[in-house]
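J.: As input, take structure_11.txt (compact mmCIF, C-alpha atoms):
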```
# COMPACT_ATOMS: atom_id res chain seq x y z
CA MET K 794 31.48 1.62 -3.35
CA ARG K 795 31.11 5.36 -3.11
CA SER K 796 28.57 6.50 -0.55
CA LYS K 797 27.05 9.96 -0.69
CA SER K 798 25.06 11.41 2.15
CA LEU K 799 21.85 13.20 1.23
CA PHE K 800 19.53 15.48 3.14
CA ILE K 801 16.07 13.92 2.89
CA LEU K 802 12.85 15.46 4.16
CA ILE K 803 10.00 13.05 4.88
CA VAL K 804 6.43 14.20 5.51
CA GLY K 805 4.37 11.73 7.51
CA CYS K 806 5.70 9.30 10.08
CA GLY K 807 3.23 6.45 9.64
CA ARG K 808 4.29 2.95 8.63
CA LEU K 809 5.74 3.98 5.29
CA GLY K 810 7.31 7.22 6.51
CA SER K 811 8.89 5.68 9.59
CA PHE K 812 10.23 2.68 7.67
CA LEU K 813 11.81 4.97 5.10
CA ALA K 814 13.21 7.27 7.79
CA ASN K 815 14.76 4.35 9.68
CA ARG K 816 16.22 2.74 6.58
CA LEU K 817 17.57 5.96 5.08
CA SER K 818 19.01 7.08 8.41
CA SER K 819 20.79 3.73 8.81
CA LYS K 820 22.31 4.26 5.37
CA GLY K 821 23.94 7.43 6.66
CA HIS K 822 21.63 10.03 5.15
CA SER K 823 20.50 13.11 7.09
CA ILE K 824 16.77 12.85 7.70
CA VAL K 825 14.11 15.24 8.94
CA VAL K 826 10.63 13.80 9.53
CA ILE K 827 7.55 15.99 9.88
CA ASP K 828 4.30 14.77 11.40
CA VAL K 829 1.30 16.53 12.93
CA LYS K 830 1.29 14.08 15.82
CA GLU K 831 4.27 13.80 18.14
CA SER K 832 3.26 10.22 19.01
CA ALA K 833 3.89 9.22 15.39
CA PHE K 834 7.62 9.48 16.08
CA ASP K 835 7.36 6.48 18.40
CA SER K 836 7.73 4.35 15.25
CA LEU K 837 11.24 5.63 14.69
CA SER K 838 13.93 3.19 15.74
CA PRO K 839 16.27 3.98 18.65
CA GLU K 840 19.07 4.17 16.06
CA PHE K 841 17.30 6.90 14.06
CA SER K 842 19.74 9.80 14.05
CA GLY K 843 17.63 12.39 12.23
CA PHE K 844 15.39 15.22 13.39
CA ARG K 845 11.68 15.29 14.22
CA VAL K 846 9.48 18.29 13.49
CA VAL K 847 5.94 18.38 14.88
CA GLY K 848 3.66 20.42 12.66
CA ASP K 849 1.46 20.70 9.60
CA ALA K 850 3.63 20.32 6.51
CA THR K 851 1.18 22.31 4.40
CA GLU K 852 2.37 25.40 6.31
CA LEU K 853 5.44 27.02 4.78
CA ILE K 854 6.84 27.94 8.19
CA VAL K 855 6.88 24.27 9.20
CA LEU K 856 8.66 23.28 5.99
CA LYS K 857 11.18 26.08 6.52
CA GLU K 858 11.78 24.94 10.10
CA ALA K 859 12.48 21.49 8.64
CA LYS K 860 15.11 23.15 6.40
CA ILE K 861 13.36 22.28 3.16
CA LYS K 862 15.58 24.79 1.32
CA GLU K 863 18.55 22.49 1.85
CA ALA K 864 16.75 19.24 0.98
CA ASP K 865 18.08 16.99 -1.79
CA ILE K 866 15.01 14.78 -1.71
CA PHE K 867 11.46 15.38 -0.51
CA ILE K 868 9.11 12.47 0.19
CA ALA K 869 5.40 12.83 1.01
CA THR K 870 4.07 9.70 2.71
CA THR K 871 0.91 10.72 4.58
CA ARG K 872 -2.34 8.75 4.29
CA ASP K 873 -4.01 11.69 2.54
CA ASP K 874 -3.55 12.03 -1.21
CA ASN K 875 -4.55 15.69 -1.16
CA ILE K 876 -1.94 16.56 1.45
CA ASN K 877 0.74 14.55 -0.37
CA LEU K 878 -0.02 16.30 -3.64
CA MET K 879 -0.10 19.74 -2.04
CA VAL K 880 3.15 19.45 -0.07
CA SER K 881 4.88 17.84 -3.05
CA GLN K 882 3.89 20.76 -5.26
CA ILE K 883 5.16 23.22 -2.65
CA ALA K 884 8.47 21.34 -2.45
CA ASN K 885 8.74 21.32 -6.22
CA LYS K 886 7.47 24.76 -7.24
CA ILE K 887 8.31 26.98 -4.27
CA PHE K 888 11.42 25.39 -2.80
CA HIS K 889 12.77 23.68 -5.95
CA VAL K 890 13.78 20.49 -4.18
CA PRO K 891 15.69 18.51 -6.84
CA LYS K 892 13.81 15.25 -6.35
CA VAL K 893 10.22 15.10 -5.12
CA MET K 894 8.44 11.82 -4.47
CA ALA K 895 5.02 10.98 -3.14
CA ARG K 896 2.98 7.99 -2.09
CA VAL K 897 -0.33 7.90 -3.92
CA PHE K 898 -3.31 5.93 -2.65
CA ASP K 899 -5.71 6.39 -5.52
CA PRO K 900 -4.28 4.76 -8.65
CA LYS K 901 -6.48 7.05 -10.76
CA ARG K 902 -4.42 9.99 -9.56
CA GLU K 903 -1.00 8.75 -10.60
CA SER K 904 -1.03 10.72 -13.86
CA ILE K 905 -1.68 14.03 -12.04
CA TYR K 906 1.67 13.65 -10.29
CA LYS K 907 3.51 13.03 -13.52
CA ASP K 908 2.10 16.29 -14.89
CA PHE K 909 3.63 18.07 -11.91
CA ASP K 910 7.01 16.35 -12.24
CA ILE K 911 6.53 14.48 -8.98
CA GLU K 912 7.58 10.84 -8.81
CA ALA K 913 4.52 8.92 -7.65
CA ILE K 914 4.62 5.51 -6.07
CA CYS K 915 1.25 3.81 -5.67
CA PRO K 916 1.37 0.81 -3.33
CA THR K 917 -2.17 -0.21 -4.32
CA SER K 918 -1.29 -0.43 -8.03
CA ILE K 919 1.84 -2.39 -7.23
CA ALA K 920 -0.08 -4.77 -4.97
CA VAL K 921 -2.70 -5.32 -7.69
CA GLU K 922 0.02 -6.25 -10.17
CA LEU K 923 1.68 -8.63 -7.70
CA PHE K 924 -1.61 -10.41 -6.93
CA LEU K 925 -2.35 -10.72 -10.66
CA GLU K 926 1.15 -12.02 -11.41
CA SER K 927 0.89 -14.65 -8.71
CA ILE K 928 -2.53 -15.77 -9.99
CA ALA K 929 -1.22 -15.91 -13.56
CA GLU K 930 1.70 -18.04 -12.37
CA SER K 931 -0.65 -20.47 -10.68
CA LEU K 932 -2.43 -20.90 -14.02
CA ALA K 933 0.76 -21.57 -15.96
CA MET X 2 -2.80 -18.96 -25.43
CA ARG X 3 -4.89 -21.21 -23.24
CA SER X 4 -7.17 -19.39 -20.87
CA LYS X 5 -8.52 -21.08 -17.77
CA SER X 6 -11.38 -19.64 -15.77
CA LEU X 7 -11.01 -19.70 -12.01
CA PHE X 8 -13.44 -19.12 -9.18
CA ILE X 9 -11.92 -16.41 -7.01
CA LEU X 10 -13.31 -15.20 -3.69
CA ILE X 11 -12.26 -11.70 -2.62
CA VAL X 12 -12.84 -10.36 0.90
CA GLY X 13 -12.98 -6.57 1.09
CA CYS X 14 -14.12 -4.27 -1.69
CA GLY X 15 -11.95 -1.23 -0.98
CA ARG X 16 -9.47 0.16 -3.50
CA LEU X 17 -7.38 -2.99 -3.68
CA GLY X 18 -10.29 -5.44 -3.55
CA SER X 19 -12.36 -3.62 -6.16
CA PHE X 20 -9.39 -3.17 -8.52
CA LEU X 21 -8.62 -6.87 -8.30
CA ALA X 22 -12.28 -7.84 -8.73
CA ASN X 23 -12.64 -5.64 -11.81
CA ARG X 24 -9.39 -6.83 -13.39
CA LEU X 25 -9.95 -10.52 -12.67
CA SER X 26 -13.57 -10.36 -13.83
CA SER X 27 -12.47 -8.73 -17.10
CA LYS X 28 -10.05 -11.62 -17.59
CA GLY X 29 -13.00 -14.03 -17.55
CA HIS X 30 -12.69 -15.41 -14.04
CA SER X 31 -15.73 -15.99 -11.83
CA ILE X 32 -15.57 -13.61 -8.88
CA VAL X 33 -17.43 -13.27 -5.61
CA VAL X 34 -16.68 -10.20 -3.49
CA ILE X 35 -17.62 -9.97 0.18
CA ASP X 36 -17.82 -6.69 2.08
CA VAL X 37 -19.57 -5.63 5.28
CA LYS X 38 -20.78 -2.44 3.59
CA GLU X 39 -23.04 -2.60 0.56
CA SER X 40 -21.82 0.85 -0.54
CA ALA X 41 -18.33 -0.61 -1.02
CA PHE X 42 -19.59 -2.34 -4.15
CA ASP X 43 -20.01 1.05 -5.83
CA SER X 44 -16.31 0.76 -6.73
CA LEU X 45 -17.02 -2.22 -8.97
CA SER X 46 -17.07 -1.35 -12.65
CA PRO X 47 -20.29 -1.63 -14.67
CA GLU X 48 -18.61 -4.51 -16.55
CA PHE X 49 -18.03 -6.51 -13.36
CA SER X 50 -19.85 -9.77 -13.94
CA GLY X 51 -19.31 -11.43 -10.56
CA PHE X 52 -21.39 -11.66 -7.41
CA ARG X 53 -21.58 -9.41 -4.36
CA VAL X 54 -22.15 -10.74 -0.84
CA VAL X 55 -22.85 -8.29 1.99
CA GLY X 56 -21.65 -9.67 5.29
CA ASP X 57 -18.88 -10.28 7.76
CA ALA X 58 -16.39 -12.69 6.22
CA THR X 59 -15.24 -13.88 9.64
CA GLU X 60 -18.61 -15.68 9.91
CA LEU X 61 -18.59 -19.14 8.37
CA ILE X 62 -22.16 -18.77 7.13
CA VAL X 63 -21.16 -15.74 5.07
CA LEU X 64 -18.21 -17.57 3.54
CA LYS X 65 -20.45 -20.55 2.75
CA GLU X 66 -23.00 -18.26 1.11
CA ALA X 67 -20.11 -16.94 -1.01
CA LYS X 68 -19.45 -20.56 -2.05
CA ILE X 69 -15.99 -20.71 -0.50
CA LYS X 70 -16.03 -24.51 -0.83
CA GLU X 71 -15.75 -24.15 -4.59
CA ALA X 72 -13.09 -21.41 -4.60
CA ASP X 73 -9.80 -21.94 -6.42
CA ILE X 74 -8.30 -18.79 -4.95
CA PHE X 75 -9.10 -16.78 -1.83
CA ILE X 76 -7.85 -13.20 -1.42
CA ALA X 77 -8.17 -11.15 1.78
CA THR X 78 -7.84 -7.43 1.05
CA THR X 79 -9.48 -5.58 3.96
CA ARG X 80 -7.76 -2.71 5.75
CA ASP X 81 -7.53 -4.78 8.94
CA ASP X 82 -4.57 -7.15 9.29
CA ASN X 83 -6.33 -9.17 11.99
CA ILE X 84 -9.37 -9.78 9.80
CA ASN X 85 -7.20 -10.65 6.80
CA LEU X 86 -5.20 -13.14 8.85
CA MET X 87 -8.29 -14.69 10.42
CA VAL X 88 -10.31 -15.15 7.22
CA SER X 89 -7.21 -16.43 5.38
CA GLN X 90 -6.66 -19.06 8.05
CA ILE X 91 -10.32 -20.10 7.82
CA ALA X 92 -10.03 -20.38 4.03
CA ASN X 93 -6.87 -22.40 4.38
CA LYS X 94 -7.55 -24.67 7.34
CA ILE X 95 -11.33 -25.15 7.31
CA PHE X 96 -12.22 -24.89 3.64
CA HIS X 97 -8.90 -25.99 2.12
CA VAL X 98 -8.92 -23.38 -0.63
CA PRO X 99 -5.94 -24.34 -2.84
CA LYS X 100 -4.41 -20.84 -2.98
CA VAL X 101 -4.86 -18.29 -0.20
CA MET X 102 -3.47 -14.77 -0.47
CA ALA X 103 -3.66 -11.75 1.81
CA ARG X 104 -2.74 -8.10 1.84
CA VAL X 105 -0.65 -7.28 4.90
CA PHE X 106 -0.30 -3.75 6.22
CA ASP X 107 2.26 -4.30 8.92
CA PRO X 108 5.54 -5.48 7.38
CA LYS X 109 6.49 -7.01 10.75
CA ARG X 110 3.67 -9.50 10.30
CA GLU X 111 4.68 -10.92 6.94
CA SER X 112 6.44 -13.90 8.48
CA ILE X 113 3.31 -14.97 10.41
CA TYR X 114 1.52 -15.52 7.11
CA LYS X 115 4.32 -17.67 5.75
CA ASP X 116 4.03 -19.90 8.82
CA PHE X 117 0.37 -20.41 7.95
CA ASP X 118 1.03 -21.13 4.27
CA ILE X 119 -0.71 -17.92 3.22
CA GLU X 120 0.84 -15.85 0.45
CA ALA X 121 1.28 -12.36 1.90
CA ILE X 122 1.65 -9.23 -0.18
CA CYS X 123 2.68 -6.14 1.74
CA PRO X 124 2.20 -2.93 -0.24
CA THR X 125 4.10 -0.92 2.39
CA SER X 126 7.21 -3.09 2.11
CA ILE X 127 7.06 -2.92 -1.66
CA ALA X 128 6.65 0.85 -1.58
CA VAL X 129 9.63 1.20 0.78
CA GLU X 130 11.80 -0.81 -1.62
CA LEU X 131 10.67 1.26 -4.62
CA PHE X 132 11.41 4.55 -2.85
CA LEU X 133 14.84 3.25 -1.79
CA GLU X 134 15.62 2.01 -5.32
CA SER X 135 14.70 5.33 -6.84
CA ILE X 136 16.87 7.19 -4.31
CA ALA X 137 19.77 4.81 -4.94
CA GLU X 138 19.43 5.41 -8.68
CA SER X 139 19.56 9.17 -8.19
CA LEU X 140 22.87 8.67 -6.38
CA ALA X 141 24.39 6.53 -9.11
```
Can the structure from this file be put into structure tokens for me?

T.:
Amino acid sequence: MRSKSLFILIVGCGRLGSFLANRLSSKGHSIVVIDVKESAFDSLSPEFSGFRVVGDATELIVLKEAKIKEADIFIATTRDDNINLMVSQIANKIFHVPKVMARVFDPKRESIYKDFDIEAICPTSIAVELFLESIAESLA
Amino acid sequence: MRSKSLFILIVGCGRLGSFLANRLSSKGHSIVVIDVKESAFDSLSPEFSGFRVVGDATELIVLKEAKIKEADIFIATTRDDNINLMVSQIANKIFHVPKVMARVFDPKRESIYKDFDIEAICPTSIAVELFLESIAESLA
């Protein structure tokens, strides 16, 4: 199997961000993680071989420091939908990152992301569907 | 298609809890939602035809008031893994609810739920897999 290494920029090092960073780093991709809190990086595994940038990802200088211009993929994973939408739009419109993805908390907002050509993943919507599927199965 | 109406008890009326309550109520199931904050019920749709109980679901008297003894399905959806685990265990062990489900935030905890015969759904784990799948597809 062919394996290609990508440069992936992840904003937010909470549960989702750190899991993604650890998994993608272990697959051999180059990762930079940005978080406002240095302590957030404690969730990265000892094997994580990427870079950590402490700062506010809504500031262009922080994104530039994280080498956003070279990123193949940009992923916004913070707990704040407004920040995720804002940094995703910056990645898309200003820095033209080829693939921009974001976690969305509010299922009502998913369509906004589509309008901006950002791939939105909404854990709440997915969880709702999984609960409903399991309940439907128990009725079958 | 045969449609069977269930009595479903939902703990937590945040985004996930309210979405589930609205969807399951619209499918004709009988729903009771418990939340510590009355304002949480504002997320329920005007069509929601179930009952609201304000209270702490870790207290047996609150669960009894919500008629847990008659529940076919119990779903713990709060933002606190400890509360979800505790109320799920109560539903399972004390009240013998036939099907007990819980949202889990910390993916590391999923196995604990299995040991207790509680069906755990972890939105973070699911989101991680979806992000990874999408990245893998963009490499293909």

J.: Which residue is closest to Pro891 of chain K? Choose from K:Phe909, K:Met879, K:Ile866, K:Ser798 and count only C-alpha atoms.

T.: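 Looking only at the distances to Pro891 of chain K, the closest residue turns out to be K:Ile866.
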
J.: Report as number ranges by chain all protein, DNA and RNA residues lying within 10 Å of Ala920 of chain K, evaluated on only C-alpha atoms, omitting residues in the same chain fewer than 6 positions from it.

T.: K: 926; X: 17, 21, 104, 122-125, 127-128

J.: Write out as a PyMOL selection string each polymer residue whose atoms come within 8 Å of Ile803 of chain K, counting all atoms listed in the file; drop sequence neighbours fewer than 5 positions from it.

T.: chain K and resi 810+814+824-827+867-870

J.: Can you work out the spacing between atom CA of Val890 of chain K and atom CA of Ala859 of chain K in Å, to one decimal?

T.: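 Value for the atom CA of Val890 of chain K-atom CA of Ala859 of chain K distance: 12.9 Å.
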
J.: Looking at K:Leu925, K:Leu802, K:Ala850, K:Leu856, which one is nearest to chain X, with distances taken over all atoms listed in the file?

T.: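 The closest residue to chain X is K:Leu925.
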
J.: Report, in Å with one decimal, the straight-line distance from atom CA of Ile9 of chain X to atom CA of Ser26 of chain X.

T.: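 Value for the atom CA of Ile9 of chain X-atom CA of Ser26 of chain X distance: 9.3 Å.
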
J.: Give me, please, the distance in Å between atom CA of Ile95 of chain X and atom CA of Val921 of chain K, quoted to one decimal.

T.: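 Going from atom CA of Ile95 of chain X over to atom CA of Val921 of chain K, I get 26.3 Å.
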
J.: Taking into account only C-alpha atoms, which residue in the set X:Gly13, X:Pro108, X:Gly56, X:Pro47 is nearest to Ala121 of chain X?

T.: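 Result for the nearest residue to Ala121 of chain X: X:Pro108.
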
J.: Fewer than 2 positions away in the same chain doesn't count, so skip those; otherwise give me all residues within 6 Å of Lys70 of chain X, counting all atoms listed in the file, as a list in words.

T.: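 Contacts, in chain order: Lys68, Ala72 and Phe96 of chain X.
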
J.: Determine the nearest neighbour of chain K from the options X:Leu86, X:Val37, X:Leu45, X:Leu25, counting only C-alpha atoms.

T.: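 Among the listed residues, the smallest separation from chain K belongs to X:Leu25.
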
J.: Measuring between all atoms listed in the file, which one of K:Ile854, K:Glu863, K:Phe812, K:Val804 shows the shortest distance to chain X?

T.: K:Phe812

J.: Show me, as a PyMOL selection string, the residues that have an atom within 9 Å of Ser819 of chain K when counting only C-alpha atoms, minus same-chain residues fewer than 3 positions from it.

T.: chain K and resi 814-816+822+840-842

J.: Deliver the residues from the most recent selection as a file, using C-alpha atoms, as a PDB file, in the frame of the given file.

T.:
```
ATOM      1  CA  ALA K 814      13.210   7.270   7.790  1.00  0.00           C
ATOM      2  CA  ASN K 815      14.760   4.350   9.680  1.00  0.00           C
ATOM      3  CA  ARG K 816      16.220   2.740   6.580  1.00  0.00           C
ATOM      4  CA  HIS K 822      21.630  10.030   5.150  1.00  0.00           C
ATOM      5  CA  GLU K 840      19.070   4.170  16.060  1.00  0.00           C
ATOM      6  CA  PHE K 841      17.300   6.900  14.060  1.00  0.00           C
ATOM      7  CA  SER K 842      19.740   9.800  14.050  1.00  0.00           C
TER       8      SER K 842
END
```

J.: Write out as JSON, numbers by chain each polymer residue whose atoms come within 8 Å of segment 40-42 of chain X, counting only C-alpha atoms; drop sequence neighbours fewer than 3 positions from it.

T.: {"X": [14, 15, 19, 36, 45, 53]}

J.: Identify which of the residues X:Ile91, X:Leu131, X:Asp81, X:Asp43 lies closest to Leu61 of chain X, counting all atoms listed in the file when measuring atom-to-atom distances.

T.: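 So, comparing all the options, the nearest one is X:Ile91.
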